[in-house]
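Undergrad: Supplied in structure tokens, the structure appears directly below.
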Amino acid sequence: MSDVLAEINELHTYFYTEEGVVKSVNGVSFRVHEGQTVAIVGESGCGKSVTALSLMGLVEEPSGRLAGGEIWFDGRDLAKASRKELERLRGNELSMIFQEPMSALNPVLTIGEQLTEPLIEHLHLSKKEALKRAEELVTRVGIPRAKEILKSYPHELSGGMLQRVMIAMAVSCSPKLLIADEPTTALDVTIQAQILDLLLTMKAETGMAILLITHDLGVVAETADYVVVMYAGKVVEQGTALSLFQNPKHPYTKGLLNSRPVLGHRKKRLYSIPGQVPNPLQLGQGCHFSDRCEQCLDICREKQPELKAYDGEHLAACWLYEEEEELVPNARIG
Ligand SMILES: Nc1ncnc2c1ncn2[C@@H]1O[C@H](COP(=O)(O)OP(=O)(O)O)[C@@H](O)[C@H]1O
Ligand SMILES: [Mg+2]
């Protein structure tokens, strides 16, 4: 296997609000190998974006803070990196595309001005060279009439076009890791597939690793090597995409898999997990999924299960399997 590019260890990111401490990311660990696609999945509010923002050093201050853990990237612990060091990394070795491209672009600057800025800053190109490179990039992400587009402002472009621009910007300095936070959620279905294809083409061309955040397991099945399932700030299951899709352990993962849209019926869903993601300020002492879980045991309400390896790299945090382990030797004796 290729080398480890990023390793997140026991990451805790908290927001200190008037209502209390929101533990948005509460002890998350996973790795991204060079050139790999790792997906973080989970319903809205589970801590996916805050995990990504923590990696980028973009957690909203002063209420948000890294409260513990390590973020190793390319040999450095970003949790300890200075603001300046993080700024140098961002848009260079580490870049991110957001769900809402409009919110990430500056409305008063042209696309050209925004695309050339990192090229001038990080790659030290001259203005003329940067413009030429920006034109190539825009063409490469499938936008016709590049020169015209570079002169336009964000509000003049469609959502799909803006997301292409964001991708061009994100890959412009050949990052080692691209974080894509729900990059297609705001787009309509036909454009979604095009944008995903574009991301994969860019990955194949540049060899970058991708951390793909999505709630759509259909997308994950098509793209990811490794999957991290988050629920209420914690990882409930993680494993290679193959292992996780073939042999999901956690009832939450099974629920997500069952609620995938049916092929050919994009609007039709087989199933939806009953209940809602809990309020982060009112988390109980047991498994956070227990009150939605159809297989809940007494212990699930009392004590939090730890993430344990069941099959090589396949980990799950669920009491159902603790029980199973105990039962196996007994069954053999009988
Ligand atoms: N700036 C913030 N202040 C307070 N709470 C926040 C802030 N940002 C996110 N949160 C909370 O952290 C939790 C995780 O949020 P987020 O990572 O955005 O979820 P996801 O991306 O999985 O939908 C949510 O409960 C959200 O309300
Ligand atoms: Mg999010």
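Residues in the structure tokens are named by chain (A, B, ... in the order shown) and by number from 1 within that chain; ligands are numbered from 1 in the order shown.
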Quick one: contact table of chain A to ligand 2, 8 Å max, nearest atom pair and distance in Å to one decimal per residue, counting only C-alpha atoms and all ligand atoms, chain and number order, as CSV?

TA:
```
residue,atom,partner,partner_atom_place_in_ligand_line,distance
A:Ser44,CA,ligand 2,1 (Mg),6.3
A:Gly45,CA,ligand 2,1 (Mg),6.8
A:Gly47,CA,ligand 2,1 (Mg),7.0
A:Lys48,CA,ligand 2,1 (Mg),5.5
A:Ser49,CA,ligand 2,1 (Mg),4.1
A:Val50,CA,ligand 2,1 (Mg),7.3
A:Gln99,CA,ligand 2,1 (Mg),7.9
A:Asp181,CA,ligand 2,1 (Mg),6.7
A:Glu182,CA,ligand 2,1 (Mg),7.1
A:Ile213,CA,ligand 2,1 (Mg),7.7
```

Undergrad: Select from stretch 3-191 of chain A everything DSSP, run on the backbone, classes as alpha helix (DSSP H), then give the selection as JSON, numbers by chain.

TA: {"A": [48, 49, 50, 51, 52, 53, 54, 55, 56, 83, 84, 85, 86, 87, 88, 89, 101, 102, 103, 104, 111, 112, 113, 114, 115, 116, 117, 118, 119, 120, 121, 122, 123, 127, 128, 129, 130, 131, 132, 133, 134, 135, 136, 137, 138, 139, 140, 146, 147, 148, 149, 150, 151, 159, 160, 161, 162, 163, 164, 165, 166, 167, 168, 169, 170, 171, 189, 190, 191]}

Undergrad: If the limit is 9 Å from any atom of ligand 1, counting only C-alpha atoms and all ligand atoms, which residues qualify? Return them as a ChimeraX atom specification.

TA: /A:13-17,21-25,40-53,59-61,63-64,181-182,213-215,230-233,277-281

Undergrad: Find the residues around A:Asn247 up to 12 Å (only C-alpha atoms counted), leave out those fewer than 5 positions away in its own chain, and share them as a PyMOL selection string.

TA: chain A and resi 237-242+253-254+257+310-311+314-316

Undergrad: Selection from above, N, CA, C and O atoms, as a compact mmCIF listing (two decimals), in the first residue's frame, can you write it?

TA:
```
# COMPACT_ATOMS: atom_id res chain seq x y z
N GLU A 237 -18.15 3.28 12.41
CA GLU A 237 -17.62 2.17 11.63
C GLU A 237 -16.68 2.71 10.58
O GLU A 237 -16.89 3.80 10.05
N GLN A 238 -15.62 1.98 10.29
CA GLN A 238 -14.75 2.37 9.18
C GLN A 238 -14.11 1.13 8.61
O GLN A 238 -13.88 0.16 9.30
N GLY A 239 -13.85 1.17 7.30
CA GLY A 239 -13.23 0.02 6.67
C GLY A 239 -13.05 0.27 5.19
O GLY A 239 -13.46 1.32 4.67
N THR A 240 -12.43 -0.69 4.50
CA THR A 240 -12.30 -0.54 3.06
C THR A 240 -13.72 -0.54 2.48
O THR A 240 -14.62 -1.15 3.06
N ALA A 241 -13.88 0.12 1.35
CA ALA A 241 -15.23 0.22 0.77
C ALA A 241 -15.78 -1.17 0.51
O ALA A 241 -16.94 -1.45 0.79
N LEU A 242 -14.92 -2.05 0.06
CA LEU A 242 -15.34 -3.42 -0.25
C LEU A 242 -15.90 -4.11 0.99
O LEU A 242 -17.01 -4.65 0.98
N THR A 253 -24.76 2.05 9.83
CA THR A 253 -24.25 1.86 8.46
C THR A 253 -25.28 1.09 7.64
O THR A 253 -25.56 1.44 6.48
N LYS A 254 -25.85 0.06 8.25
CA LYS A 254 -26.86 -0.73 7.52
C LYS A 254 -28.05 0.14 7.15
O LYS A 254 -28.59 0.04 6.05
N LEU A 257 -27.12 2.30 4.25
CA LEU A 257 -27.07 1.50 3.02
C LEU A 257 -28.48 1.20 2.53
O LEU A 257 -28.75 1.26 1.32
N TYR A 310 -12.64 -5.80 13.73
CA TYR A 310 -13.28 -7.10 13.59
C TYR A 310 -12.67 -7.91 12.47
O TYR A 310 -12.71 -9.11 12.47
N ASP A 311 -12.16 -7.19 11.50
CA ASP A 311 -11.64 -7.91 10.34
C ASP A 311 -10.59 -7.00 9.71
O ASP A 311 -10.92 -6.16 8.89
N HIS A 314 -11.20 -3.27 9.23
CA HIS A 314 -12.63 -2.99 9.41
C HIS A 314 -12.94 -2.85 10.90
O HIS A 314 -12.83 -3.81 11.66
N LEU A 315 -13.31 -1.64 11.31
CA LEU A 315 -13.58 -1.36 12.72
C LEU A 315 -15.05 -0.98 12.90
O LEU A 315 -15.64 -0.34 12.03
N ALA A 316 -15.60 -1.33 14.05
CA ALA A 316 -16.96 -0.90 14.37
C ALA A 316 -17.08 -0.68 15.86
O ALA A 316 -16.39 -1.32 16.65
```

Undergrad: Name the residues in contact with A:Ile143 at a cut-off of 9 Å, using only C-alpha atoms, excluding same-chain residues fewer than 4 positions from it; report them as a tab-separated table (two decimals) with C-alpha atoms, in the first residue's frame.

TA:
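Here's the written file result.tsv:
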```
chain	number	residue	atom	x	y	z
A	138	VAL	CA	-10.67	26.51	-16.84
A	139	THR	CA	-10.52	24.70	-20.16
A	149	ILE	CA	-15.29	33.18	-18.12
A	161	MET	CA	-20.02	26.23	-13.71
A	164	ARG	CA	-16.10	23.60	-11.99
A	165	VAL	CA	-14.31	26.86	-11.24
```

Undergrad: For the atom pair atom CA of A:Leu115 and atom CA of A:Val38, what is the interatomic distance in Å to one decimal place?

TA: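 The value is 26.5 Å.
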
Undergrad: Using the chain letters and numbers from this document, which residues of stretch 146-318 of chain A does DSSP assign to strand (DSSP E or B), as a PyMOL selection string?

TA: chain A and resi 177-181+209-214+226-231+234-240+261-262+265-269+308-311+314-316

Undergrad: Limited to N, CA, C and O atoms, could you put the picked residues into a file as a compact mmCIF listing (two decimals), in the first residue's frame?

TA:
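Writing the result to again-v5.txt gives the following:
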```txt
# COMPACT_ATOMS: atom_id res chain seq x y z
N LEU A 177 -3.66 16.60 -1.19
CA LEU A 177 -4.96 16.15 -0.68
C LEU A 177 -6.02 17.19 -1.03
O LEU A 177 -5.86 18.38 -0.73
N LEU A 178 -7.08 16.74 -1.66
CA LEU A 178 -8.21 17.61 -1.94
C LEU A 178 -9.39 17.17 -1.08
O LEU A 178 -9.79 16.00 -1.12
N ILE A 179 -9.91 18.08 -0.29
CA ILE A 179 -11.09 17.77 0.51
C ILE A 179 -12.30 18.29 -0.25
O ILE A 179 -12.35 19.46 -0.61
N ALA A 180 -13.24 17.41 -0.51
CA ALA A 180 -14.45 17.81 -1.24
C ALA A 180 -15.64 17.60 -0.32
O ALA A 180 -16.02 16.47 -0.03
N ASP A 181 -16.19 18.71 0.19
CA ASP A 181 -17.28 18.63 1.16
C ASP A 181 -18.62 18.74 0.44
O ASP A 181 -19.03 19.83 0.05
N ALA A 209 -4.76 12.68 -3.45
CA ALA A 209 -5.72 11.92 -2.64
C ALA A 209 -6.97 12.79 -2.47
O ALA A 209 -6.88 14.01 -2.54
N ILE A 210 -8.11 12.14 -2.27
CA ILE A 210 -9.35 12.90 -2.07
C ILE A 210 -10.02 12.46 -0.77
O ILE A 210 -10.14 11.26 -0.50
N LEU A 211 -10.41 13.44 0.02
CA LEU A 211 -11.26 13.16 1.18
C LEU A 211 -12.65 13.64 0.78
O LEU A 211 -12.89 14.85 0.67
N LEU A 212 -13.52 12.70 0.48
CA LEU A 212 -14.83 13.04 -0.06
C LEU A 212 -15.89 12.94 1.02
O LEU A 212 -16.10 11.89 1.62
N ILE A 213 -16.53 14.06 1.28
CA ILE A 213 -17.58 14.08 2.29
C ILE A 213 -18.93 14.05 1.60
O ILE A 213 -19.18 14.85 0.70
N THR A 214 -19.76 13.10 1.99
CA THR A 214 -21.05 12.99 1.32
C THR A 214 -22.05 12.25 2.19
O THR A 214 -21.66 11.53 3.10
N TYR A 226 -11.79 3.75 0.86
CA TYR A 226 -11.95 3.53 2.29
C TYR A 226 -13.09 4.43 2.78
O TYR A 226 -13.27 5.53 2.27
N VAL A 227 -13.86 3.95 3.72
CA VAL A 227 -15.05 4.70 4.17
C VAL A 227 -15.05 4.87 5.68
O VAL A 227 -14.78 3.91 6.42
N VAL A 228 -15.33 6.08 6.13
CA VAL A 228 -15.46 6.38 7.55
C VAL A 228 -16.91 6.80 7.79
O VAL A 228 -17.38 7.76 7.18
N VAL A 229 -17.61 6.08 8.65
CA VAL A 229 -19.01 6.42 8.93
C VAL A 229 -19.07 7.18 10.25
O VAL A 229 -18.65 6.67 11.29
N MET A 230 -19.58 8.41 10.20
CA MET A 230 -19.65 9.23 11.42
C MET A 230 -21.09 9.36 11.91
O MET A 230 -22.02 9.47 11.12
N TYR A 231 -21.23 9.34 13.23
CA TYR A 231 -22.54 9.60 13.83
C TYR A 231 -22.34 10.39 15.11
O TYR A 231 -21.57 9.97 15.99
N LYS A 234 -18.77 11.00 16.32
CA LYS A 234 -17.89 9.85 16.50
C LYS A 234 -17.88 8.96 15.27
O LYS A 234 -18.83 8.96 14.49
N VAL A 235 -16.80 8.19 15.13
CA VAL A 235 -16.78 7.18 14.07
C VAL A 235 -17.48 5.94 14.61
O VAL A 235 -17.11 5.44 15.67
N VAL A 236 -18.51 5.48 13.92
CA VAL A 236 -19.18 4.26 14.38
C VAL A 236 -18.69 3.03 13.61
O VAL A 236 -18.79 1.91 14.08
N GLU A 237 -18.15 3.28 12.41
CA GLU A 237 -17.62 2.17 11.63
C GLU A 237 -16.68 2.71 10.58
O GLU A 237 -16.89 3.80 10.05
N GLN A 238 -15.62 1.98 10.29
CA GLN A 238 -14.75 2.37 9.18
C GLN A 238 -14.11 1.13 8.61
O GLN A 238 -13.88 0.16 9.30
N GLY A 239 -13.85 1.17 7.30
CA GLY A 239 -13.23 0.02 6.67
C GLY A 239 -13.05 0.27 5.19
O GLY A 239 -13.46 1.32 4.67
N THR A 240 -12.43 -0.69 4.50
CA THR A 240 -12.30 -0.54 3.06
C THR A 240 -13.72 -0.54 2.48
O THR A 240 -14.62 -1.15 3.06
N PRO A 261 -30.86 5.66 -2.59
CA PRO A 261 -31.92 5.72 -3.61
C PRO A 261 -31.86 4.46 -4.48
O PRO A 261 -30.78 3.92 -4.72
N VAL A 262 -33.00 4.01 -4.92
CA VAL A 262 -33.05 2.83 -5.79
C VAL A 262 -32.54 3.23 -7.17
O VAL A 262 -32.89 4.29 -7.68
N HIS A 265 -34.45 5.12 -9.90
CA HIS A 265 -35.53 5.88 -9.25
C HIS A 265 -34.89 6.84 -8.27
O HIS A 265 -34.86 6.58 -7.08
N ARG A 266 -34.33 7.91 -8.79
CA ARG A 266 -33.53 8.76 -7.93
C ARG A 266 -34.30 9.33 -6.76
O ARG A 266 -33.75 9.61 -5.72
N LYS A 267 -35.58 9.48 -6.92
CA LYS A 267 -36.37 10.07 -5.84
C LYS A 267 -36.93 9.01 -4.88
O LYS A 267 -37.34 9.28 -3.78
N LYS A 268 -36.95 7.76 -5.36
CA LYS A 268 -37.58 6.71 -4.57
C LYS A 268 -36.57 6.09 -3.61
O LYS A 268 -35.51 5.63 -4.00
N ARG A 269 -36.92 6.09 -2.35
CA ARG A 269 -36.04 5.49 -1.36
C ARG A 269 -36.71 4.27 -0.76
O ARG A 269 -37.90 4.24 -0.54
N LYS A 308 -13.66 -1.14 17.67
CA LYS A 308 -12.78 -2.31 17.73
C LYS A 308 -12.63 -2.93 16.35
O LYS A 308 -13.57 -2.88 15.55
N ALA A 309 -11.47 -3.52 16.11
CA ALA A 309 -11.22 -4.16 14.83
C ALA A 309 -11.90 -5.53 14.80
O ALA A 309 -11.78 -6.30 15.74
N TYR A 310 -12.64 -5.80 13.73
CA TYR A 310 -13.28 -7.10 13.59
C TYR A 310 -12.67 -7.91 12.47
O TYR A 310 -12.71 -9.11 12.47
N ASP A 311 -12.16 -7.19 11.50
CA ASP A 311 -11.64 -7.91 10.34
C ASP A 311 -10.59 -7.00 9.71
O ASP A 311 -10.92 -6.16 8.89
N HIS A 314 -11.20 -3.27 9.23
CA HIS A 314 -12.63 -2.99 9.41
C HIS A 314 -12.94 -2.85 10.90
O HIS A 314 -12.83 -3.81 11.66
N LEU A 315 -13.31 -1.64 11.31
CA LEU A 315 -13.58 -1.36 12.72
C LEU A 315 -15.05 -0.98 12.90
O LEU A 315 -15.64 -0.34 12.03
N ALA A 316 -15.60 -1.33 14.05
CA ALA A 316 -16.96 -0.90 14.37
C ALA A 316 -17.08 -0.68 15.86
O ALA A 316 -16.39 -1.32 16.65
```

Undergrad: Can you pull out the residues contacting A:Leu150? Cut-off 9 Å, using only C-alpha atoms, and skip same-chain residues under 5 positions away; I want them as a PyMOL selection string.

TA: chain A and resi 110-115+131+134-135+138+145

Undergrad: Go through A:Ile273, A:Ala39, A:Leu5, A:Ala104 one by one, measure the shortest atom-to-atom distance of each to A:Asp77 using only C-alpha atoms, and give the residue with the smallest value.

TA: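 Nearest candidate to A:Asp77 out of A:Ile273, A:Ala39, A:Leu5, A:Ala104: A:Leu5.
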
Undergrad: Determine, counting only C-alpha atoms, which protein, DNA and RNA residues have an atom within 12 Å of an atom of A:Gln285; residues of the same chain fewer than 6 positions away are not included. Present the result as number ranges by chain.

TA: A: 291, 299-305

Undergrad: Within 8 Å of A:Ala6, counting only C-alpha atoms, which residues show up once you throw out same-chain ones fewer than 4 positions away? Write them as a list in words, please.

TA: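 After dropping sequence-adjacent residues, the list is Arg31, Val32, His33, Ile71, Trp72, Phe73 and Asp74 of chain A.
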
Undergrad: Could you take the residues named above and write them with all heavy atoms, as a PDB file, in the first residue's frame?

TA:
```
ATOM      1  N   ARG A  31      -6.986   7.421   8.563  1.00  0.00           N
ATOM      2  CA  ARG A  31      -5.831   7.751   7.736  1.00  0.00           C
ATOM      3  C   ARG A  31      -6.238   7.935   6.281  1.00  0.00           C
ATOM      4  O   ARG A  31      -7.190   7.307   5.834  1.00  0.00           O
ATOM      5  CB  ARG A  31      -4.836   6.589   7.746  1.00  0.00           C
ATOM      6  CG  ARG A  31      -4.107   6.422   9.021  1.00  0.00           C
ATOM      7  CD  ARG A  31      -3.344   5.135   8.902  1.00  0.00           C
ATOM      8  NE  ARG A  31      -2.415   5.005  10.006  1.00  0.00           N
ATOM      9  CZ  ARG A  31      -1.633   3.958  10.180  1.00  0.00           C
ATOM     10  NH1 ARG A  31      -1.657   2.962   9.311  1.00  0.00           N
ATOM     11  NH2 ARG A  31      -0.825   3.905  11.205  1.00  0.00           N
ATOM     12  N   VAL A  32      -5.450   8.727   5.582  1.00  0.00           N
ATOM     13  CA  VAL A  32      -5.606   8.821   4.128  1.00  0.00           C
ATOM     14  C   VAL A  32      -4.250   8.491   3.527  1.00  0.00           C
ATOM     15  O   VAL A  32      -3.250   9.132   3.862  1.00  0.00           O
ATOM     16  CB  VAL A  32      -6.024  10.244   3.687  1.00  0.00           C
ATOM     17  CG1 VAL A  32      -6.206  10.292   2.170  1.00  0.00           C
ATOM     18  CG2 VAL A  32      -7.291  10.693   4.399  1.00  0.00           C
ATOM     19  N   HIS A  33      -4.204   7.482   2.688  1.00  0.00           N
ATOM     20  CA  HIS A  33      -2.957   7.132   2.016  1.00  0.00           C
ATOM     21  C   HIS A  33      -2.806   7.981   0.756  1.00  0.00           C
ATOM     22  O   HIS A  33      -3.795   8.466   0.205  1.00  0.00           O
ATOM     23  CB  HIS A  33      -2.947   5.651   1.635  1.00  0.00           C
ATOM     24  CG  HIS A  33      -2.822   4.754   2.826  1.00  0.00           C
ATOM     25  ND1 HIS A  33      -1.618   4.220   3.221  1.00  0.00           N
ATOM     26  CD2 HIS A  33      -3.736   4.320   3.717  1.00  0.00           C
ATOM     27  CE1 HIS A  33      -1.806   3.479   4.305  1.00  0.00           C
ATOM     28  NE2 HIS A  33      -3.082   3.525   4.632  1.00  0.00           N
ATOM     29  N   ILE A  71      -3.244  15.975  13.932  1.00  0.00           N
ATOM     30  CA  ILE A  71      -3.584  15.940  12.509  1.00  0.00           C
ATOM     31  C   ILE A  71      -2.273  15.884  11.732  1.00  0.00           C
ATOM     32  O   ILE A  71      -1.705  16.920  11.395  1.00  0.00           O
ATOM     33  CB  ILE A  71      -4.388  17.189  12.085  1.00  0.00           C
ATOM     34  CG1 ILE A  71      -5.641  17.342  12.957  1.00  0.00           C
ATOM     35  CG2 ILE A  71      -4.751  17.127  10.614  1.00  0.00           C
ATOM     36  CD1 ILE A  71      -6.393  18.640  12.733  1.00  0.00           C
ATOM     37  N   TRP A  72      -1.786  14.675  11.510  1.00  0.00           N
ATOM     38  CA  TRP A  72      -0.521  14.556  10.778  1.00  0.00           C
ATOM     39  C   TRP A  72      -0.785  14.671   9.293  1.00  0.00           C
ATOM     40  O   TRP A  72      -1.642  13.987   8.749  1.00  0.00           O
ATOM     41  CB  TRP A  72       0.165  13.229  11.101  1.00  0.00           C
ATOM     42  CG  TRP A  72       0.679  13.220  12.502  1.00  0.00           C
ATOM     43  CD1 TRP A  72       0.051  12.711  13.600  1.00  0.00           C
ATOM     44  CD2 TRP A  72       1.910  13.817  12.962  1.00  0.00           C
ATOM     45  NE1 TRP A  72       0.821  12.949  14.723  1.00  0.00           N
ATOM     46  CE2 TRP A  72       1.955  13.625  14.358  1.00  0.00           C
ATOM     47  CE3 TRP A  72       2.955  14.499  12.332  1.00  0.00           C
ATOM     48  CZ2 TRP A  72       3.014  14.082  15.141  1.00  0.00           C
ATOM     49  CZ3 TRP A  72       4.005  14.944  13.102  1.00  0.00           C
ATOM     50  CH2 TRP A  72       4.037  14.746  14.486  1.00  0.00           C
ATOM     51  N   PHE A  73      -0.069  15.574   8.652  1.00  0.00           N
ATOM     52  CA  PHE A  73      -0.196  15.718   7.202  1.00  0.00           C
ATOM     53  C   PHE A  73       1.202  15.891   6.633  1.00  0.00           C
ATOM     54  O   PHE A  73       1.910  16.834   7.010  1.00  0.00           O
ATOM     55  CB  PHE A  73      -1.066  16.931   6.841  1.00  0.00           C
ATOM     56  CG  PHE A  73      -1.166  17.164   5.356  1.00  0.00           C
ATOM     57  CD1 PHE A  73      -1.976  16.354   4.570  1.00  0.00           C
ATOM     58  CD2 PHE A  73      -0.426  18.167   4.738  1.00  0.00           C
ATOM     59  CE1 PHE A  73      -2.040  16.552   3.202  1.00  0.00           C
ATOM     60  CE2 PHE A  73      -0.501  18.369   3.367  1.00  0.00           C
ATOM     61  CZ  PHE A  73      -1.312  17.560   2.601  1.00  0.00           C
ATOM     62  N   ASP A  74       1.579  14.931   5.804  1.00  0.00           N
ATOM     63  CA  ASP A  74       2.868  15.059   5.132  1.00  0.00           C
ATOM     64  C   ASP A  74       3.997  15.304   6.154  1.00  0.00           C
ATOM     65  O   ASP A  74       4.842  16.172   5.962  1.00  0.00           O
ATOM     66  CB  ASP A  74       2.781  16.221   4.131  1.00  0.00           C
ATOM     67  CG  ASP A  74       3.687  15.973   2.944  1.00  0.00           C
ATOM     68  OD1 ASP A  74       4.063  14.823   2.708  1.00  0.00           O
ATOM     69  OD2 ASP A  74       4.028  16.960   2.257  1.00  0.00           O
TER      70      ASP A  74
END
```

Undergrad: Quick one: pull the distance between atom CA of A:Ile191 and atom CA of A:Leu162, Å, one decimal.

TA: 11.6 Å

Undergrad: Go through A:Ser2, A:Gln246, A:Gln295, A:Gln163 and flag the residue nearest A:Leu105, using only C-alpha atoms for the distances.

TA: A:Gln163

Undergrad: Please, what distance in Å, to one decimal, runs between atom CA of A:Phe289 and atom CA of A:Glu70?

TA: 26.0 Å

Undergrad: Between A:His155, A:Lys128, A:His122, A:Arg76, which one has atoms that come closest to A:Met102, using only C-alpha atoms?

TA: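 Of A:His155, A:Lys128, A:His122, A:Arg76, the one nearest A:Met102, counting only C-alpha atoms, is A:His155.
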
Undergrad: Which one of A:Gln276, A:Asn106, A:Ser259, A:Gln36 sits closest to A:Thr206 if you count only C-alpha atoms?

TA: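 Answer, going by the shortest atom-to-atom distance: A:Gln36.
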